[in-house]
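Q: Please find entry.txt (compact mmCIF, C-alpha atoms and all ligand atoms) on the next line:
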```
# COMPACT_ATOMS: atom_id res chain seq x y z
CA MET A 1 0.00 0.00 0.00
CA ILE A 2 2.71 2.45 0.98
CA GLY A 3 5.08 1.56 -1.88
CA PRO A 4 2.81 2.65 -4.74
CA ALA A 5 1.71 5.71 -2.74
CA LEU A 6 5.37 6.73 -2.29
CA LEU A 7 6.03 6.21 -5.99
CA GLU A 8 3.23 8.60 -6.79
CA TYR A 9 3.61 11.23 -4.07
CA GLY A 10 6.99 10.71 -2.35
CA THR A 11 10.16 12.71 -2.96
CA GLU A 12 13.13 11.10 -4.69
CA GLU A 13 14.85 10.90 -1.31
CA GLN A 14 11.84 9.20 0.35
CA CYS A 15 11.58 6.70 -2.50
CA MET A 16 15.31 5.91 -2.34
CA GLN A 17 15.15 5.49 1.44
CA HIS A 18 12.12 3.22 1.61
CA LEU A 19 11.31 1.48 -1.67
CA PRO A 20 14.36 -0.82 -1.85
CA LYS A 21 13.66 -2.03 1.71
CA ILE A 22 9.97 -2.58 0.88
CA VAL A 23 10.87 -4.57 -2.23
CA ARG A 24 13.40 -6.67 -0.30
CA GLN A 25 10.93 -7.13 2.60
CA GLU A 26 13.44 -5.64 5.01
CA ILE A 27 10.97 -3.24 6.59
CA VAL A 28 7.58 -3.73 8.22
CA TRP A 29 5.11 -0.84 8.09
CA CYS A 30 1.99 -0.14 10.07
CA GLN A 31 -0.89 2.13 9.20
CA GLY A 32 -1.76 4.99 11.55
CA TYR A 33 -5.13 6.06 10.22
CA SER A 34 -7.92 5.12 12.68
CA GLU A 35 -8.27 6.82 16.04
CA PRO A 36 -10.49 6.04 19.01
CA GLY A 37 -12.99 8.66 17.79
CA SER A 38 -12.36 8.41 14.03
CA GLY A 39 -13.00 5.30 11.96
CA SER A 40 -15.44 5.62 9.08
CA ASP A 41 -15.31 9.39 9.49
CA LEU A 42 -11.54 9.26 9.18
CA ALA A 43 -11.15 12.93 8.27
CA SER A 44 -12.31 13.87 11.79
CA LEU A 45 -8.96 12.59 13.15
CA GLN A 46 -7.50 14.58 16.05
CA THR A 47 -3.82 13.56 16.26
CA ARG A 48 -2.15 16.97 16.25
CA ALA A 49 1.19 18.06 14.82
CA VAL A 50 2.65 21.37 15.91
CA SER A 51 5.47 22.98 13.94
CA ASP A 52 8.79 23.37 15.77
CA GLY A 53 11.60 24.55 13.49
CA ASP A 54 12.42 21.78 11.03
CA ASP A 55 10.25 19.28 12.92
CA TYR A 56 6.70 18.52 13.90
CA ILE A 57 5.82 17.55 17.46
CA ILE A 58 3.04 14.98 17.26
CA ASN A 59 0.53 14.11 20.00
CA GLY A 60 -2.45 11.77 19.87
CA SER A 61 -3.29 8.12 19.56
CA LYS A 62 -4.03 5.65 16.79
CA ILE A 63 -6.08 2.51 17.20
CA TRP A 64 -6.46 -0.86 15.44
CA THR A 65 -2.91 -0.41 14.14
CA SER A 66 -2.33 -3.89 12.73
CA GLY A 67 1.10 -5.27 13.59
CA ALA A 68 2.27 -2.03 15.26
CA ASP A 69 4.10 -4.11 17.89
CA HIS A 70 6.26 -5.64 15.11
CA ALA A 71 6.48 -2.64 12.80
CA ASP A 72 9.63 -0.67 12.00
CA TRP A 73 7.91 2.40 10.59
CA MET A 74 4.44 3.93 10.56
CA PHE A 75 2.71 5.91 7.83
CA CYS A 76 0.41 8.20 9.71
CA LEU A 77 -2.27 10.84 9.24
CA ILE A 78 -1.87 13.94 11.40
CA ARG A 79 -3.72 17.23 11.70
CA THR A 80 -1.36 20.03 10.74
CA ASP A 81 -4.00 22.79 10.44
CA PRO A 82 -6.77 22.54 13.05
CA ASP A 83 -8.54 25.61 11.64
CA ALA A 84 -8.94 24.33 8.07
CA PRO A 85 -12.00 22.32 6.95
CA LYS A 86 -11.44 18.77 8.19
CA HIS A 87 -10.24 17.23 4.90
CA GLU A 88 -7.85 20.10 4.21
CA GLY A 89 -5.80 20.28 7.41
CA ILE A 90 -4.40 16.74 7.29
CA SER A 91 -0.85 15.68 6.36
CA PHE A 92 0.61 12.26 5.64
CA ILE A 93 3.86 11.58 7.50
CA LEU A 94 6.32 8.71 8.01
CA PHE A 95 8.26 7.92 11.15
CA ASP A 96 10.40 5.28 12.76
CA MET A 97 8.51 3.36 15.47
CA LYS A 98 11.62 3.68 17.67
CA THR A 99 11.25 7.46 17.82
CA PRO A 100 11.02 8.58 21.48
CA GLY A 101 7.38 9.09 22.51
CA VAL A 102 5.94 6.25 20.40
CA SER A 103 4.46 3.46 22.53
CA VAL A 104 2.39 0.48 21.51
CA LYS A 105 -0.20 -1.49 23.47
CA PRO A 106 -1.43 -4.73 21.86
CA ILE A 107 -5.22 -5.23 22.03
CA LEU A 108 -6.10 -8.74 23.19
CA LEU A 109 -9.05 -10.30 21.33
CA ILE A 110 -11.38 -13.01 22.66
CA SER A 111 -9.55 -15.44 20.39
CA GLY A 112 -6.42 -14.87 22.49
CA ALA A 113 -4.62 -13.24 19.53
CA SER A 114 -3.52 -9.61 19.35
CA PRO A 115 -3.41 -8.74 15.67
CA PHE A 116 -3.71 -5.04 16.37
CA CYS A 117 -2.70 -2.38 18.86
CA GLN A 118 -3.36 1.06 20.18
CA THR A 119 -0.41 3.31 19.42
CA PHE A 120 0.26 6.35 21.60
CA LEU A 121 2.15 9.36 20.30
CA ASP A 122 3.46 11.64 23.06
CA ASP A 123 5.58 14.58 21.92
CA VAL A 124 6.95 12.57 19.01
CA ARG A 125 9.45 14.71 17.10
CA VAL A 126 9.47 14.01 13.35
CA PRO A 127 11.39 15.97 10.69
CA LYS A 128 9.16 17.89 8.29
CA SER A 129 11.02 16.21 5.44
CA HIS A 130 9.09 13.03 6.35
CA ILE A 131 5.82 14.50 5.07
CA VAL A 132 4.66 12.72 1.90
CA GLY A 133 3.09 15.05 -0.65
CA GLU A 134 2.20 18.60 0.35
CA VAL A 135 1.54 19.79 3.89
CA ASN A 136 -2.23 19.85 4.53
CA LYS A 137 -2.87 17.80 1.37
CA GLY A 138 -2.41 14.44 3.05
CA TRP A 139 -6.02 13.46 2.41
CA THR A 140 -5.20 13.02 -1.27
CA VAL A 141 -2.34 10.63 -0.45
CA ALA A 142 -4.47 8.85 2.17
CA LYS A 143 -7.30 8.21 -0.30
CA ARG A 144 -4.94 6.87 -2.96
CA LEU A 145 -3.34 4.51 -0.46
CA LEU A 146 -6.81 3.30 0.57
CA GLN A 147 -7.56 2.50 -3.06
CA TYR A 148 -4.52 0.23 -3.15
CA GLU A 149 -5.50 -1.30 0.17
CA ARG A 150 -9.13 -1.87 -0.86
CA THR A 151 -8.20 -3.45 -4.18
CA SER A 152 -5.87 -5.77 -2.30
CA ILE A 153 -8.40 -6.77 0.40
CA GLY A 154 -11.13 -7.23 -2.22
CA GLY A 155 -8.87 -9.32 -4.42
CA ILE A 156 -7.42 -11.72 -1.92
CA GLY A 157 -10.43 -11.91 0.39
CA GLY A 158 -8.36 -11.73 3.59
CA GLY A 159 -8.49 -14.90 5.68
CA GLY A 160 -7.31 -15.67 9.16
CA GLY A 161 -4.43 -18.05 8.55
CA GLY A 162 -4.58 -21.48 10.12
CA PRO A 163 -5.03 -24.72 8.20
CA ARG A 164 -6.15 -24.31 4.63
CA ALA A 165 -9.96 -24.45 4.31
CA LYS A 166 -11.58 -27.28 2.37
CA THR A 167 -13.32 -26.30 -0.85
CA LEU A 168 -17.05 -25.66 -0.92
CA ASP A 169 -17.61 -28.70 -3.16
CA GLU A 170 -15.65 -31.04 -0.92
CA ILE A 171 -17.56 -30.05 2.18
CA ALA A 172 -20.95 -30.01 0.43
CA LYS A 173 -20.37 -33.56 -0.83
CA GLU A 174 -19.27 -34.73 2.60
CA CYS A 175 -22.32 -33.18 4.25
CA ALA A 176 -25.04 -33.77 1.69
CA GLY A 177 -23.59 -36.80 -0.10
CA GLU A 178 -22.89 -37.05 -3.81
CA ASN A 179 -24.82 -38.31 -6.77
CA ASP A 180 -22.95 -38.98 -10.02
CA GLY A 181 -20.09 -36.78 -8.79
CA LYS A 182 -22.49 -33.91 -8.04
CA ILE A 183 -23.66 -32.53 -4.70
CA ALA A 184 -26.75 -34.66 -3.94
CA ASP A 185 -28.94 -31.99 -2.32
CA PRO A 186 -30.34 -29.89 -5.22
CA ASP A 187 -30.85 -26.75 -3.13
CA LEU A 188 -27.29 -26.87 -1.80
CA ARG A 189 -25.97 -27.67 -5.28
CA ASP A 190 -27.77 -24.60 -6.60
CA ARG A 191 -26.31 -22.28 -3.93
CA VAL A 192 -22.79 -23.65 -4.28
CA THR A 193 -23.00 -23.37 -8.08
CA GLN A 194 -24.26 -19.79 -7.84
CA HIS A 195 -21.41 -18.94 -5.51
CA ARG A 196 -18.86 -20.50 -7.85
CA ILE A 197 -20.26 -18.62 -10.85
CA ASN A 198 -20.03 -15.35 -8.91
CA ASP A 199 -16.47 -16.24 -7.90
CA HIS A 200 -15.50 -16.95 -11.48
CA VAL A 201 -17.00 -13.74 -12.84
CA TYR A 202 -15.44 -11.72 -10.05
CA GLY A 203 -12.09 -13.43 -10.71
CA LEU A 204 -12.27 -12.34 -14.37
CA THR A 205 -13.08 -8.77 -13.34
CA THR A 206 -10.20 -8.56 -10.87
CA ARG A 207 -7.90 -10.07 -13.51
CA ARG A 208 -8.92 -7.38 -15.99
CA SER A 209 -8.30 -4.72 -13.37
CA GLY A 210 -4.91 -6.30 -12.52
CA GLU A 211 -3.93 -6.12 -16.18
CA GLU A 212 -4.94 -2.45 -16.28
CA SER A 213 -2.79 -1.69 -13.26
CA ARG A 214 0.17 -3.52 -14.82
CA ALA A 215 -0.38 -1.21 -17.77
CA GLY A 216 0.16 1.71 -15.40
CA VAL A 217 -3.45 2.67 -14.66
CA ALA A 218 -3.71 3.74 -10.99
CA PRO A 219 -6.65 2.42 -8.98
CA THR A 220 -9.77 4.54 -8.89
CA PHE A 221 -12.96 4.69 -6.86
CA MET A 222 -13.69 1.34 -8.53
CA SER A 223 -11.50 -0.13 -5.78
CA SER A 224 -14.52 0.40 -3.48
CA MET A 225 -16.52 -1.91 -5.73
CA PHE A 226 -13.83 -4.61 -5.46
CA LYS A 227 -13.53 -4.14 -1.72
CA TYR A 228 -17.29 -4.38 -1.28
CA TYR A 229 -17.94 -7.32 -3.59
CA GLY A 230 -14.80 -9.32 -2.76
CA THR A 231 -15.30 -9.16 0.98
CA GLU A 232 -19.03 -9.83 0.89
CA GLN A 233 -18.40 -12.80 -1.41
CA ASN A 234 -15.72 -14.10 0.95
CA LYS A 235 -18.12 -13.81 3.91
CA ASN A 236 -20.83 -15.58 1.91
CA ARG A 237 -18.40 -18.40 1.16
CA TYR A 238 -17.60 -18.97 4.82
CA ASP A 239 -21.27 -18.63 5.87
CA LEU A 240 -22.11 -21.39 3.38
CA LEU A 241 -19.21 -23.56 4.55
CA VAL A 242 -20.04 -23.28 8.24
CA GLU A 243 -23.74 -23.87 7.58
CA MET A 244 -22.92 -27.04 5.65
CA MET A 245 -20.55 -28.29 8.34
CA GLY A 246 -23.21 -28.14 11.06
CA VAL A 247 -21.77 -28.89 14.52
CA ASN A 248 -18.30 -29.37 13.02
CA GLY A 249 -18.40 -25.75 11.94
CA LEU A 250 -18.74 -24.55 15.52
CA GLY A 251 -15.52 -25.99 16.94
CA TRP A 252 -12.83 -23.78 18.45
CA SER A 253 -10.53 -26.40 19.95
CA GLY A 254 -10.58 -30.02 21.12
CA ASP A 255 -9.74 -33.49 19.79
CA GLU A 256 -13.27 -34.05 18.49
CA PHE A 257 -12.62 -31.51 15.69
CA ASP A 258 -10.08 -32.04 12.97
CA GLN A 259 -7.60 -29.27 12.14
CA ALA A 260 -9.19 -28.48 8.78
CA ASP A 261 -12.61 -27.95 10.42
CA LEU A 262 -11.08 -25.73 13.11
CA GLY A 263 -9.38 -23.75 10.35
CA VAL A 264 -12.72 -23.10 8.65
CA THR A 265 -14.31 -21.83 11.87
CA ARG A 266 -11.43 -19.42 12.43
CA GLN A 267 -11.48 -18.22 8.84
CA TRP A 268 -15.26 -17.76 9.03
CA LEU A 269 -14.80 -15.45 12.02
CA ARG A 270 -11.84 -13.66 10.39
CA SER A 271 -13.88 -13.11 7.21
CA LYS A 272 -16.21 -10.83 9.21
CA ALA A 273 -13.32 -8.38 9.63
CA ASN A 274 -12.79 -8.16 5.85
CA SER A 275 -15.81 -5.92 5.44
CA ILE A 276 -14.61 -3.62 8.27
CA GLU A 277 -10.83 -3.25 7.68
CA GLY A 278 -9.82 -0.69 5.08
CA GLY A 279 -13.26 0.96 5.40
CA THR A 280 -16.57 -0.81 6.02
CA SER A 281 -18.95 -2.12 3.37
CA GLU A 282 -21.38 0.72 4.16
CA VAL A 283 -18.61 3.25 3.53
CA GLN A 284 -17.76 1.56 0.20
CA LEU A 285 -21.44 1.72 -0.81
CA ASN A 286 -21.47 5.44 0.02
CA ILE A 287 -18.39 5.97 -2.18
CA ILE A 288 -19.91 3.94 -5.04
CA ALA A 289 -23.14 5.95 -4.75
CA LYS A 290 -21.39 9.32 -4.74
CA ARG A 291 -18.26 8.85 -6.86
CA ILE A 292 -19.29 6.20 -9.38
CA LEU A 293 -23.08 6.56 -9.71
CA GLY A 294 -23.01 10.33 -9.14
CA LEU A 295 -25.89 10.28 -6.67
CA PRO A 296 -26.34 13.40 -4.52
CA ASP A 297 -24.68 13.64 -1.06
C1 LIG B 1 -8.86 -6.61 11.00
C2 LIG B 1 -8.75 -5.11 11.06
C3 LIG B 1 -7.54 -4.50 10.87
C4 LIG B 1 -7.43 -3.11 10.94
N1 LIG B 1 -6.20 -2.53 10.78
C5 LIG B 1 -6.07 -1.20 10.84
C6 LIG B 1 -4.78 -0.58 10.71
O1 LIG B 1 -3.77 -1.25 10.55
N2 LIG B 1 -4.70 0.77 10.80
C7 LIG B 1 -5.80 1.55 10.98
O2 LIG B 1 -5.65 2.77 10.99
N3 LIG B 1 -7.04 1.01 11.13
C8 LIG B 1 -7.20 -0.35 11.06
N4 LIG B 1 -8.44 -0.92 11.22
C9 LIG B 1 -9.57 -0.07 11.56
C10 LIG B 1 -10.60 0.09 10.44
O3 LIG B 1 -10.11 0.93 9.42
C11 LIG B 1 -11.89 0.65 11.08
O4 LIG B 1 -12.37 -0.32 11.98
C12 LIG B 1 -12.94 0.98 10.07
O5 LIG B 1 -12.56 2.07 9.28
C13 LIG B 1 -14.30 1.29 10.72
O6 LIG B 1 -14.16 2.24 11.72
P1 LIG B 1 -14.75 1.98 13.19
O7 LIG B 1 -14.29 0.63 13.63
O8 LIG B 1 -14.42 3.15 14.03
O9 LIG B 1 -16.32 1.86 12.99
P2 LIG B 1 -17.35 3.06 12.93
O10 LIG B 1 -16.88 4.12 12.01
O11 LIG B 1 -17.69 3.47 14.33
O12 LIG B 1 -18.60 2.36 12.25
C14 LIG B 1 -19.56 1.60 13.00
C15 LIG B 1 -20.65 1.16 12.03
O13 LIG B 1 -21.34 2.30 11.49
C16 LIG B 1 -21.35 2.25 10.08
N5 LIG B 1 -21.21 3.60 9.52
C17 LIG B 1 -20.35 4.56 9.93
N6 LIG B 1 -20.51 5.66 9.17
C18 LIG B 1 -21.45 5.38 8.25
C19 LIG B 1 -22.04 6.13 7.18
N7 LIG B 1 -21.67 7.38 6.90
N8 LIG B 1 -23.01 5.52 6.42
C20 LIG B 1 -23.39 4.24 6.70
N9 LIG B 1 -22.86 3.49 7.71
C21 LIG B 1 -21.92 4.06 8.47
C22 LIG B 1 -20.13 1.41 9.70
O14 LIG B 1 -20.31 0.84 8.42
C23 LIG B 1 -20.11 0.38 10.82
O15 LIG B 1 -21.01 -0.67 10.52
C24 LIG B 1 -8.58 -2.31 11.17
C25 LIG B 1 -9.83 -2.94 11.36
C26 LIG B 1 -9.91 -4.32 11.31
C27 LIG B 1 -11.27 -4.96 11.53
```
Please render this file's structure as structure tokens.
Ligand SMILES: Cc1cc2nc3c(=O)[nH]c(=O)nc-3n(C[C@H](O)[C@H](O)[C@H](O)COP(=O)(O)OP(=O)(O)OC[C@H]3O[C@@H](n4cnc5c(N)ncnc54)[C@H](O)[C@@H]3O)c2cc1C
A:
Amino acid sequence: MIGPALLEYGTEEQCMQHLPKIVRQEIVWCQGYSEPGSGSDLASLQTRAVSDGDDYIINGSKIWTSGADHADWMFCLIRTDPDAPKHEGISFILFDMKTPGVSVKPILLISGASPFCQTFLDDVRVPKSHIVGEVNKGWTVAKRLLQYERTSIGGIGGGGGGPRAKTLDEIAKECAGENDGKIADPDLRDRVTQHRINDHVYGLTTRRSGEESRAGVAPTFMSSMFKYYGTEQNKNRYDLLVEMMGVNGLGWSGDEFDQADLGVTRQWLRSKANSIEGGTSEVQLNIIAKRILGLPD
């Protein structure tokens, strides 16, 4: 997400500093967008940056920062002009997570995992040269980065790790039996087939879009369509799987469940986050309505 955004908006020096490390996977980034009071309404963010000579002094806190406890650097949205209209006083800045004043608190989930953190910024001094794009024009960079993020989430469908899930067909045949190599239950066969057709058509559309981006076309508001459809389709897939698995789809741990079944349950739960991370489905529908269909605000 940050690499393409740097290519488009970063200075030569910023590109030379960060892109080689990104390409060689020598640096881990985290995303400092969301705040305790600013999620869908991201532009209301309150993390403040005050000018001090060649630096900014940053104060505030970011939340749901995925992997912040393992990250080397953060790309972060800060308010550099509190008096400007909310979208116009934001800047996009980069800093080393080891900078004094940055502290990270992992958030423990009911699953026992801590995939994300709250990140506190207390008098964090960052050189002004770390701003990407123009001061107070960070919203433009932020939106472009989100388009890359949304295309990526919509294309790969997320997933929660763990053992690889069985295919829909395999599970449907196990649960409903098979007849001549087909899923025996006609209703289930119909729903699985419909899902597979949608998957195939969506796959062709994402492939076309991938070819366009290889041809140098930057993502557009269409990325909201991919984010919306890809994540809803992924959730539908896991809803179908868990429904077909019955009791086996409800396991969390224990010898009575096999590892593949446990993997499906975890991925089913993780799939719910796909339509929240990177902007919720409702937010994507708002963008599609306004920016693609041209409906009034
Ligand atoms: C797995 C995961 C990883 C994440 N990683 C990061 C990260 O690394 N960095 C980061 O900065 N953030 C991260 N986030 C945070 C994510 O971007 C926010 O959760 C998301 O933008 C929604 O914000 P919120 O949680 O504050 O929900 P809210 O904005 O409070 O929304 C609550 C509900 O209201 C609905 N809603 C809100 N506004 C509207 C509207 N105008 N119209 C219709 N419905 C509306 C939403 O759709 C949602 O259903 C992550 C989230 C998840 C789930």
Q: Quick one, how far is atom CA of A:Tyr56 from atom O1 of ligand LIG 1 (chain B)?
A: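 Atom-to-atom, atom CA of A:Tyr56 to atom O1 of ligand LIG 1 (chain B), that is 22.6 Å.
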Q: Please, which residues have at least one atom within 9 Å of an atom of ligand LIG 1 (chain B), using all atoms listed in the file, listed as an MDAnalysis selection string?
A: chainID A and resid 30:42 62:68 76:77 115:117 270 272:286
Q: Taking all atoms listed in the file into account, which of A:Thr140, A:Glu174, A:Glu88, A:Ile2 comes nearest A:Met74?
A: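 Closest candidate: A:Ile2.
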Q: In Å, how far is it from atom CA of A:Val242 to atom CA of A:Ser271?
A: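 About the pair atom CA of A:Val242 and atom CA of A:Ser271: they are 11.9 Å apart.
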Q: One decimal, in Å: what's the spacing between atom CA of A:Ile58 and atom CA of A:Lys98?
A: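 We find that atom CA of A:Ile58 and atom CA of A:Lys98 lie 14.2 Å from each other.
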Q: Considering all atoms listed in the file, give me a table of residues in stretch 88-185 of chain A that are at most 9 Å from stretch 200-215 of chain A, with the closest atom pair and distance in Å for each, as CSV.
A:
```
residue,atom,partner,partner_atom,distance
A:Thr151,CA,A:Thr206,CA,8.7
A:Gly154,CA,A:Thr206,CA,8.8
A:Gly155,CA,A:Thr206,CA,6.6
```
Q: Taking (7.1, 1.3, 20.3) as a centre in this file's frame and 8 Å as the limit, can you find every polymer residue with an atom that close, using all atoms listed in the file, and give them as a list in words?
A: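 Residues close enough to count: Ala68, Asp69, Met97, Lys98, Thr99, Val102, Ser103, Val104 and Thr119 of chain A.
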Q: Write out as a PyMOL selection string the residues lying within 12 Å of A:Asp52, counting only C-alpha atoms and excluding same-chain residues fewer than 3 positions away.
A: chain A and resi 49+55-58+80+123-128
